[in-house]
file input_25.txt (compact mmCIF, C-alpha atoms)
# COMPACT_ATOMS: atom_id res chain seq x y z
CA MET Q 1 -5.38 21.39 8.08
CA ALA Q 2 -3.43 19.05 10.34
CA ALA Q 3 -1.55 20.45 13.28
CA LYS Q 4 2.16 21.11 13.13
CA VAL Q 5 4.04 19.13 15.77
CA ILE Q 6 7.00 21.01 17.22
CA THR Q 7 9.29 19.70 19.95
CA ILE Q 8 11.23 22.07 22.19
CA THR Q 9 14.46 20.58 23.46
CA SER Q 10 17.90 21.65 24.61
CA GLY Q 11 20.16 18.98 26.05
CA LYS Q 12 21.08 21.07 29.02
CA GLY Q 13 18.55 21.52 31.81
CA GLY Q 14 17.44 24.86 33.10
CA VAL Q 15 17.83 26.87 29.90
CA GLY Q 16 14.12 27.57 29.64
CA LYS Q 17 12.44 24.86 27.56
CA THR Q 18 9.34 24.77 29.72
CA THR Q 19 9.06 28.55 29.92
CA VAL Q 20 9.54 28.79 26.17
CA THR Q 21 6.93 26.09 25.51
CA ALA Q 22 4.37 27.79 27.75
CA ASN Q 23 4.96 31.24 26.29
CA LEU Q 24 4.96 30.06 22.69
CA GLY Q 25 1.68 28.30 23.44
CA VAL Q 26 0.19 31.46 24.92
CA SER Q 27 1.50 33.64 22.08
CA LEU Q 28 0.08 31.30 19.44
CA ALA Q 29 -3.28 31.17 21.21
CA LEU Q 30 -3.33 34.98 21.50
CA MET Q 31 -3.03 35.01 17.71
CA GLY Q 32 -6.06 32.78 17.43
CA LYS Q 33 -4.40 29.40 16.95
CA ARG Q 34 -5.63 26.22 18.63
CA VAL Q 35 -2.70 24.85 20.61
CA VAL Q 36 -1.95 21.92 22.86
CA VAL Q 37 1.22 21.96 24.92
CA MET Q 38 2.45 18.57 26.03
CA ASP Q 39 4.69 18.02 29.05
CA GLY Q 40 7.30 15.41 28.12
CA ASP Q 41 9.01 15.37 31.50
CA ILE Q 42 7.55 12.21 33.03
CA GLY Q 43 8.26 12.09 36.74
CA LEU Q 44 9.39 15.72 36.97
CA ARG Q 45 6.49 17.61 35.53
CA ASN Q 46 6.47 21.38 35.59
CA LEU Q 47 4.72 22.68 32.48
CA ASP Q 48 1.55 22.57 34.58
CA VAL Q 49 3.17 24.78 37.22
CA VAL Q 50 4.44 27.36 34.73
CA MET Q 51 0.95 27.59 33.25
CA GLY Q 52 -0.76 27.69 36.64
CA LEU Q 53 -2.85 24.63 35.89
CA GLU Q 54 -1.46 22.34 38.57
CA ASN Q 55 -4.78 22.09 40.43
CA ARG Q 56 -6.77 21.15 37.35
CA ILE Q 57 -5.04 17.91 36.43
CA ILE Q 58 -7.17 14.81 36.57
CA TYR Q 59 -5.54 12.52 34.05
CA ASP Q 60 -2.09 12.58 32.49
CA VAL Q 61 -0.33 11.31 29.40
CA ILE Q 62 0.44 7.90 30.94
CA ASP Q 63 -3.26 7.43 31.76
CA VAL Q 64 -3.97 8.09 28.09
CA ALA Q 65 -1.23 5.76 26.87
CA GLU Q 66 -2.43 2.96 29.15
CA GLY Q 67 -6.05 3.45 28.17
CA HIS Q 68 -7.37 4.51 31.60
CA CYS Q 69 -9.08 7.52 30.07
CA ARG Q 70 -9.86 9.14 26.77
CA LEU Q 71 -7.38 11.71 25.48
CA ARG Q 72 -10.00 14.46 25.69
CA GLN Q 73 -10.38 13.85 29.43
CA ALA Q 74 -6.70 14.41 30.04
CA LEU Q 75 -6.52 17.76 28.23
CA VAL Q 76 -6.61 20.68 30.65
CA LYS Q 77 -8.04 23.90 29.25
CA ASP Q 78 -6.02 27.04 30.02
CA LYS Q 79 -7.39 29.45 32.64
CA LYS Q 80 -7.45 32.42 30.28
CA LEU Q 81 -7.27 31.18 26.71
CA SER Q 82 -9.98 28.84 25.52
CA GLU Q 83 -7.96 27.63 22.55
CA LEU Q 84 -4.98 26.53 24.64
CA TYR Q 85 -4.77 23.11 26.29
CA LEU Q 86 -2.23 21.24 28.39
CA LEU Q 87 -1.57 17.51 28.26
CA PRO Q 88 0.17 16.93 31.59
CA ALA Q 89 3.00 14.52 32.33
CA ALA Q 90 2.69 11.90 35.03
CA GLN Q 91 4.39 12.83 38.25
CA THR Q 92 4.79 9.45 39.90
CA ARG Q 93 6.06 7.40 37.00
CA GLU Q 94 9.36 7.22 35.15
CA ARG Q 95 10.39 8.09 31.65
CA SER Q 96 10.55 4.47 30.62
CA SER Q 97 6.76 4.22 31.09
CA LEU Q 98 6.22 5.93 27.76
CA THR Q 99 7.49 4.92 24.33
CA PRO Q 100 8.02 6.94 21.15
CA SER Q 101 5.12 5.18 19.47
CA ASP Q 102 2.83 6.10 22.40
CA VAL Q 103 3.66 9.74 21.81
CA ILE Q 104 3.21 9.43 18.05
CA GLN Q 105 -0.19 7.82 18.53
CA ILE Q 106 -1.31 10.56 20.89
CA CYS Q 107 -0.20 13.25 18.45
CA ASP Q 108 -2.04 11.47 15.64
CA GLN Q 109 -5.22 11.82 17.66
CA LEU Q 110 -4.62 15.51 18.24
CA VAL Q 111 -3.55 16.71 14.79
CA GLN Q 112 -7.03 17.10 13.38
CA THR Q 113 -8.37 19.27 16.19
CA PHE Q 114 -5.42 21.59 16.74
CA ASP Q 115 -3.20 23.96 14.77
CA PHE Q 116 -0.06 23.37 16.84
CA ILE Q 117 1.18 20.68 19.19
CA LEU Q 118 4.15 21.85 21.25
CA ILE Q 119 6.05 19.13 23.09
CA ASP Q 120 8.20 20.18 26.03
CA SER Q 121 11.11 17.74 26.00
CA PRO Q 122 12.88 16.88 29.24
CA ALA Q 123 16.56 17.68 29.60
CA GLY Q 124 19.03 15.03 28.52
CA ILE Q 125 19.36 12.78 25.53
CA GLU Q 126 17.85 9.57 26.78
CA GLN Q 127 14.37 8.06 26.72
CA GLY Q 128 12.38 11.21 27.51
CA PHE Q 129 14.16 13.13 24.77
CA LYS Q 130 13.67 10.30 22.28
CA ASN Q 131 9.97 10.14 23.12
CA ALA Q 132 9.60 13.88 22.70
CA ILE Q 133 11.26 14.10 19.30
CA ALA Q 134 9.54 11.05 17.85
CA PRO Q 135 6.47 12.82 16.38
CA ALA Q 136 8.17 16.15 15.66
CA GLU Q 137 8.01 17.78 12.25
CA GLU Q 138 10.31 20.45 13.52
CA VAL Q 139 12.53 20.82 16.57
CA LEU Q 140 13.41 24.01 18.38
CA VAL Q 141 16.72 23.80 20.22
CA VAL Q 142 16.87 26.17 23.17
CA THR Q 143 20.21 27.37 24.48
CA THR Q 144 21.52 30.19 26.60
CA PRO Q 145 24.68 32.13 25.66
CA GLU Q 146 26.88 30.04 27.94
CA VAL Q 147 29.62 27.57 27.11
CA SER Q 148 28.01 24.54 28.77
CA ALA Q 149 24.57 25.16 27.28
CA VAL Q 150 25.92 25.69 23.76
CA ARG Q 151 28.04 22.55 24.05
CA ASP Q 152 25.01 20.48 25.00
CA ALA Q 153 22.93 22.09 22.26
CA ASP Q 154 25.60 21.06 19.75
CA ARG Q 155 25.39 17.46 20.91
CA VAL Q 156 21.61 17.49 20.64
CA ILE Q 157 21.73 18.98 17.16
CA GLY Q 158 24.14 16.25 16.15
CA LEU Q 159 21.80 13.58 17.53
CA LEU Q 160 18.83 15.10 15.76
CA GLU Q 161 20.70 15.06 12.47
CA GLN Q 162 21.73 11.46 12.94
CA HIS Q 163 18.55 9.93 14.25
CA ARG Q 164 15.68 11.89 12.85
CA GLY Q 165 16.86 14.33 10.27
CA VAL Q 166 14.08 16.80 11.13
CA PRO Q 167 14.84 20.49 10.65
CA ALA Q 168 16.13 22.12 13.81
CA ARG Q 169 16.12 25.82 14.53
CA LEU Q 170 17.77 27.69 17.36
CA LEU Q 171 16.34 29.80 20.15
CA ILE Q 172 18.86 31.73 22.20
CA ASN Q 173 17.28 32.40 25.58
CA ARG Q 174 18.12 34.61 28.55
CA VAL Q 175 20.27 37.05 26.63
CA ARG Q 176 21.52 39.99 28.70
CA PRO Q 177 22.28 42.85 26.31
CA ALA Q 178 24.39 44.86 28.79
CA LEU Q 179 26.70 41.89 29.39
CA VAL Q 180 26.95 41.27 25.66
CA ARG Q 181 27.87 44.93 25.10
CA ARG Q 182 30.66 44.64 27.66
CA GLY Q 183 31.90 41.48 25.99
CA GLU Q 184 31.13 39.41 29.10
CA MET Q 185 28.49 37.27 27.46
CA LEU Q 186 28.73 35.33 24.20
CA ASN Q 187 26.95 37.31 21.55
CA THR Q 188 24.29 35.68 19.44
CA ASP Q 189 26.42 35.72 16.29
CA ASP Q 190 29.07 33.67 18.09
CA VAL Q 191 26.49 31.12 19.17
CA VAL Q 192 24.91 30.86 15.72
CA ASP Q 193 28.39 30.58 14.14
CA VAL Q 194 29.41 27.59 16.21
CA LEU Q 195 26.07 25.78 16.14
CA ALA Q 196 25.50 26.46 12.45
CA ILE Q 197 21.73 26.05 12.40
CA GLU Q 198 19.08 28.58 11.48
CA LEU Q 199 18.28 31.11 14.19
CA LEU Q 200 14.57 31.31 14.99
CA GLY Q 201 14.65 33.78 17.85
CA ILE Q 202 16.51 35.64 20.57
CA ILE Q 203 14.77 35.98 23.93
CA PRO Q 204 16.06 38.50 26.47
CA GLU Q 205 16.49 37.81 30.17
CA GLU Q 206 13.42 39.08 31.97
CA GLU Q 207 13.08 39.18 35.73
CA GLY Q 208 9.32 39.26 35.38
CA ILE Q 209 9.40 35.62 34.38
CA ILE Q 210 10.19 34.69 37.97
CA LEU Q 211 7.04 36.47 39.09
CA ALA Q 212 5.12 34.94 36.23
CA THR Q 213 6.09 31.44 37.34
CA ASN Q 214 5.27 32.34 40.96
CA THR Q 215 1.73 33.23 39.99
CA GLY Q 216 1.32 30.69 37.20
CA THR Q 217 0.65 33.28 34.50
CA PRO Q 218 3.03 33.00 31.55
CA ILE Q 219 4.78 36.30 30.84
CA ALA Q 220 3.53 36.47 27.24
CA HIS Q 221 0.15 37.62 28.56
CA ASP Q 222 1.82 40.95 29.36
CA GLN Q 223 2.10 42.18 25.80
CA SER Q 224 3.88 45.43 26.70
CA LEU Q 225 7.17 43.70 27.46
CA VAL Q 226 10.16 43.28 25.17
CA VAL Q 227 10.25 39.58 26.02
CA SER Q 228 6.65 39.16 24.87
CA GLN Q 229 7.47 40.94 21.61
CA ALA Q 230 10.30 38.45 21.17
CA TYR Q 231 7.85 35.58 21.58
CA ARG Q 232 5.41 37.20 19.16
CA ASN Q 233 8.18 37.55 16.58
CA ILE Q 234 9.12 33.89 17.01
CA VAL Q 235 5.52 32.84 16.48
CA ARG Q 236 5.30 34.97 13.34
CA ARG Q 237 8.45 33.29 12.02
CA LEU Q 238 6.96 29.90 12.83
CA LEU Q 239 3.95 30.94 10.78
CA GLY Q 240 6.24 31.68 7.84
CA GLU Q 241 6.71 35.41 8.13
CA ASP Q 242 10.12 36.99 7.70
CA VAL Q 243 10.51 39.10 10.84
CA PRO Q 244 13.76 41.01 11.45
CA PHE Q 245 15.46 40.41 14.79
CA MET Q 246 15.01 43.11 17.41
CA ALA Q 247 18.00 45.12 18.51
CA LEU Q 248 17.93 44.06 22.12
CA SER Q 249 20.46 46.64 23.27
CA ASP Q 250 17.71 49.20 23.62
CA GLY Q 251 15.40 46.94 25.57
CA GLY Q 252 15.25 46.21 29.23
CA ASP Q 253 18.32 44.75 30.83
CA GLY Q 254 16.84 41.79 32.61
CA ALA Q 255 14.23 43.73 34.52
CA TRP Q 256 10.83 44.70 33.17
CA GLY Q 257 11.97 45.65 29.69
CA ARG Q 258 9.02 47.57 28.37
CA LEU Q 259 8.52 48.08 24.68
CA THR Q 260 8.26 51.85 25.16
CA ARG Q 261 12.01 51.92 25.80
CA LEU Q 262 12.58 50.50 22.34
CA PHE Q 263 10.49 53.19 20.69
CA ARG Q 264 12.36 55.92 22.51
CA GLY Q 265 15.68 54.52 21.35
CA SER Q 266 15.05 54.20 17.64
CA ASP Q 267 12.13 53.78 15.37
CA LYS Q 268 13.71 50.90 13.51
CA GLN Q 269 11.77 48.64 15.86
CA LYS Q 270 8.40 49.86 14.71
CA ARG Q 271 8.58 47.75 11.58
CA MET O 1 41.13 38.00 18.14
CA ARG O 2 40.13 40.46 15.47
CA ILE O 3 42.75 42.83 13.96
CA VAL O 4 41.04 45.84 15.54
CA ASP O 5 41.30 44.33 18.99
CA TRP O 6 44.98 43.55 18.46
CA LEU O 7 45.69 47.06 17.26
CA LEU O 8 43.88 48.60 20.20
CA ARG O 9 45.64 46.16 22.57
CA ARG O 10 42.26 45.23 23.99
CA ARG O 11 42.48 42.66 26.74
CA PRO O 12 40.40 39.64 25.98
CA THR O 13 37.05 39.75 27.73
CA SER O 14 35.47 36.71 29.31
CA GLY O 15 33.23 36.55 26.24
CA ASP O 16 36.32 36.18 24.02
CA VAL O 17 37.64 33.48 26.32
CA ALA O 18 34.28 31.75 26.23
CA LYS O 19 34.22 31.71 22.46
CA GLU O 20 37.72 30.26 22.21
CA ARG O 21 37.02 27.62 24.81
CA LEU O 22 33.77 26.72 23.13
CA GLN O 23 35.45 26.28 19.75
CA ALA O 24 38.12 24.05 21.30
CA ILE O 25 35.54 22.03 23.25
CA LEU O 26 33.35 21.53 20.20
CA LEU O 27 36.35 20.59 18.07
CA PHE O 28 37.09 17.80 20.49
CA ASP O 29 33.43 16.79 21.01
CA ARG O 30 32.82 16.55 17.29
CA THR O 31 36.06 15.05 16.02
CA GLY O 32 37.59 13.33 19.03
CA ILE O 33 40.81 15.18 18.26
CA PRO O 34 42.17 16.98 21.35
CA PRO O 35 43.10 20.60 20.62
CA LYS O 36 46.72 20.05 21.71
CA LEU O 37 47.08 17.17 19.28
CA PHE O 38 45.73 19.39 16.53
CA GLN O 39 48.40 21.98 17.34
CA VAL O 40 51.06 19.26 17.12
CA ILE O 41 49.72 18.07 13.76
CA LYS O 42 49.69 21.65 12.43
CA GLY O 43 53.27 22.22 13.55
CA GLU O 44 54.51 18.97 12.03
CA LEU O 45 52.73 19.67 8.76
CA ILE O 46 54.31 23.10 8.39
CA ASP O 47 57.73 21.82 9.48
CA SER O 48 57.52 19.05 6.95
CA VAL O 49 56.86 21.46 4.08
CA ALA O 50 59.39 23.97 5.42
CA ARG O 51 62.13 21.36 5.10
CA HIS O 52 61.84 21.57 1.35
CA LEU O 53 60.36 24.97 0.60
CA ILE O 54 60.48 28.42 2.16
CA VAL O 55 57.07 29.00 3.78
CA ASP O 56 55.36 31.98 5.36
CA ARG O 57 54.42 30.57 8.74
CA SER O 58 52.43 33.61 9.83
CA GLY O 59 50.30 33.42 6.71
CA THR O 60 49.56 29.75 7.20
CA GLU O 61 46.03 28.67 7.82
CA ILE O 62 45.24 25.11 8.81
CA VAL O 63 41.63 24.38 9.50
CA LEU O 64 39.87 21.29 10.66
CA THR O 65 36.38 21.35 9.29
CA GLN O 66 34.07 19.38 11.47
CA GLU O 67 31.02 17.37 10.82
CA ARG O 68 28.73 16.39 13.64
CA VAL O 69 29.49 12.72 13.03
CA HIS O 70 32.16 11.86 15.55
CA GLY O 71 35.64 11.58 14.12
CA ARG O 72 34.82 12.85 10.63
CA GLY O 73 36.19 16.06 9.22
CA ARG O 74 38.58 17.51 6.70
CA LEU O 75 42.00 18.99 7.38
CA VAL O 76 42.52 21.87 5.00
CA ALA O 77 45.94 23.49 4.90
CA SER O 78 46.75 26.70 3.11
CA ILE O 79 50.50 27.37 3.31
CA PRO O 80 52.04 30.34 1.43
CA ILE O 81 55.16 29.23 -0.40
CA LEU O 82 57.83 31.85 -0.93
CA GLY O 83 60.29 29.84 -2.93
CA PRO O 84 62.47 26.79 -3.05
CA ARG O 85 65.27 26.19 -0.59
CA GLN O 86 68.73 26.35 -2.12
CA GLY O 87 71.02 23.46 -1.65
CA ARG O 88 71.02 19.73 -1.80
CA HIS O 89 67.33 19.32 -1.00
CA MET O 90 66.52 20.50 -4.51
CA ARG O 91 68.72 17.94 -6.22
CA VAL O 92 65.95 15.50 -6.74
CA GLN O 93 66.28 12.86 -9.47
CA PRO O 94 64.65 14.19 -12.62
CA ALA O 95 61.56 12.38 -13.80
CA GLU O 96 61.87 9.85 -16.59
CA GLY O 97 61.66 11.54 -19.97
CA GLY O 98 63.38 14.82 -19.10
CA ARG O 99 62.18 18.15 -17.86
CA ASP O 100 58.80 19.01 -16.38

call {"tool": "encode", "arguments": {"input": "input_25.txt", "output": "structure tokens"}}
result
Amino acid sequence: MAAKVITITSGKGGVGKTTVTANLGVSLALMGKRVVVMDGDIGLRNLDVVMGLENRIIYDVIDVAEGHCRLRQALVKDKKLSELYLLPAAQTRERSSLTPSDVIQICDQLVQTFDFILIDSPAGIEQGFKNAIAPAEEVLVVTTPEVSAVRDADRVIGLLEQHRGVPARLLINRVRPALVRRGEMLNTDDVVDVLAIELLGIIPEEEGIILATNTGTPIAHDQSLVVSQAYRNIVRRLLGEDVPFMALSDGGDGAWGRLTRLFRGSDKQKR
Amino acid sequence: MRIVDWLLRRRPTSGDVAKERLQAILLFDRTGIPPKLFQVIKGELIDSVARHLIVDRSGTEIVLTQERVHGRGRLVASIPILGPRQGRHMRVQPAEGGRD
């Protein structure tokens, strides 16, 4: 069956698109899917860094588009998961070097050999974004529960509706349950209300992600964490399962939220 | 603010402020209508009806539904009417053909 092409975008920079792309890729591969993650940020690549594959890049997506190498040569196999591959961005070129039809053609070559193609869109709404959404069958819009991020997400959702009409679903990232409880952070219902698209997942803030990026090992490898459970739930929803949202208030509050804390709190989570 | 919050005299938290600001910002982003202008339009609409009919201002709800296409939307006004105003405003010429 042909791969599903999913683009991860946000509008605003720094909300976690690259981290989300890497961890969704890892979570899908841990469930036995064949995945390629594509870095759409030409000139400012960092999906390679988050995945710890920065020393293994020989060719990049521009090399493929310009015919300097075969696509297979540019794919970097993950260090730990043999079914997970990275197609790196070029670091020394600009976003105008790639066109939407380049990206579509590359995806066409990949669909038969993979189950999922995840495209990490750059921030913004210009050429890089347009390239990244061109082949998408579905778009995941990442936001954090902050006014500026939600505003930008709204703009992006509007653009997606106008220009491509592909279904968009929402990921609310970096949620801090203690701040939400105190009313000092927008709660997820507020965000979903104003953006009015389907919610795919809620990902808690997790300090361990900083360490994970330091070492180049995506956090989803540590399956005991609340944040990794969140990613697993998102993947199951992507695969069509109806998974209830976790009550994050019992999880970690930004620092090493282990799943055992959830079980101590209530056994609703066991389902 | 929700009724419960008003009853408990809860001070708005920064999260409440954020939600209000976000709604105002998105209203403007989506429709191009500045929030202050919307308040003016609401006031004028109610005043205009209130000149001829007794209205319940506190029960009035005027909503601007937004679409993501810039400038498009629908102004929906729900104004409780409590009765006609007495006096010369009601002496309107009857329609041709007699009573309604």

call {"tool": "atom_distance", "arguments": {"input": "input_25.txt", "atom1": "atom CA of Q:Val141", "atom2": "atom CA of Q:Thr9"}}
result
5.1 Å

call {"tool": "interface_residues", "arguments": {"input": "input_25.txt", "of": "chain Q", "to": "chain O", "cutoff": "6 Å", "atoms": "all atoms listed in the file", "output": "list in words"}}
result
Val147, Gly158, Gly183, Glu184, Met185 and Leu186 of chain Q

call {"tool": "atom_distance", "arguments": {"input": "input_25.txt", "atom1": "atom CA of Q:Thr21", "atom2": "atom CA of Q:Glu94"}}
result
21.3 Å

call {"tool": "atom_distance", "arguments": {"input": "input_25.txt", "atom1": "atom CA of O:Phe28", "atom2": "atom CA of O:Leu64"}}
result
10.8 Å

call {"tool": "residues_around", "arguments": {"input": "input_25.txt", "residues": "stretch 35-51 of chain O", "least_positions_apart": "3", "cutoff": "8 Å", "atoms": "only C-alpha atoms", "output": "number ranges by chain"}}
result
O: 24, 27-28, 54-55, 57, 62, 79

call {"tool": "decode", "arguments": {"input": "input_25.txt", "residues": "stretch 230-243 of chain Q", "atoms": "N, CA and C atoms", "output": "compact mmCIF listing (two decimals), in the first residue's frame"}}
result
# COMPACT_ATOMS: atom_id res chain seq x y z
N ALA Q 230 2.22 10.08 25.00
CA ALA Q 230 1.46 11.04 24.18
C ALA Q 230 1.75 10.81 22.70
N TYR Q 231 3.03 10.63 22.37
CA TYR Q 231 3.39 10.37 20.97
C TYR Q 231 2.80 9.04 20.49
N ARG Q 232 2.83 8.03 21.34
CA ARG Q 232 2.25 6.74 20.94
C ARG Q 232 0.76 6.89 20.66
N ASN Q 233 0.08 7.65 21.50
CA ASN Q 233 -1.36 7.85 21.30
C ASN Q 233 -1.63 8.58 19.99
N ILE Q 234 -0.78 9.56 19.68
CA ILE Q 234 -0.96 10.29 18.42
C ILE Q 234 -0.78 9.35 17.24
N VAL Q 235 0.22 8.51 17.31
CA VAL Q 235 0.47 7.56 16.22
C VAL Q 235 -0.73 6.63 16.07
N ARG Q 236 -1.28 6.15 17.19
CA ARG Q 236 -2.43 5.27 17.10
C ARG Q 236 -3.62 5.98 16.48
N ARG Q 237 -3.78 7.27 16.78
CA ARG Q 237 -4.87 8.02 16.13
C ARG Q 237 -4.60 8.19 14.65
N LEU Q 238 -3.35 8.42 14.30
CA LEU Q 238 -3.00 8.51 12.87
C LEU Q 238 -3.33 7.21 12.15
N LEU Q 239 -3.18 6.10 12.87
CA LEU Q 239 -3.46 4.80 12.27
C LEU Q 239 -4.94 4.45 12.31
N GLY Q 240 -5.76 5.39 12.81
CA GLY Q 240 -7.21 5.22 12.73
C GLY Q 240 -7.88 4.79 14.02
N GLU Q 241 -7.07 4.63 15.07
CA GLU Q 241 -7.67 4.18 16.33
C GLU Q 241 -8.26 5.36 17.09
N ASP Q 242 -9.30 5.09 17.86
CA ASP Q 242 -9.91 6.16 18.65
C ASP Q 242 -9.35 6.08 20.07
N VAL Q 243 -8.35 6.91 20.36
CA VAL Q 243 -7.66 6.85 21.64
C VAL Q 243 -8.08 8.04 22.49
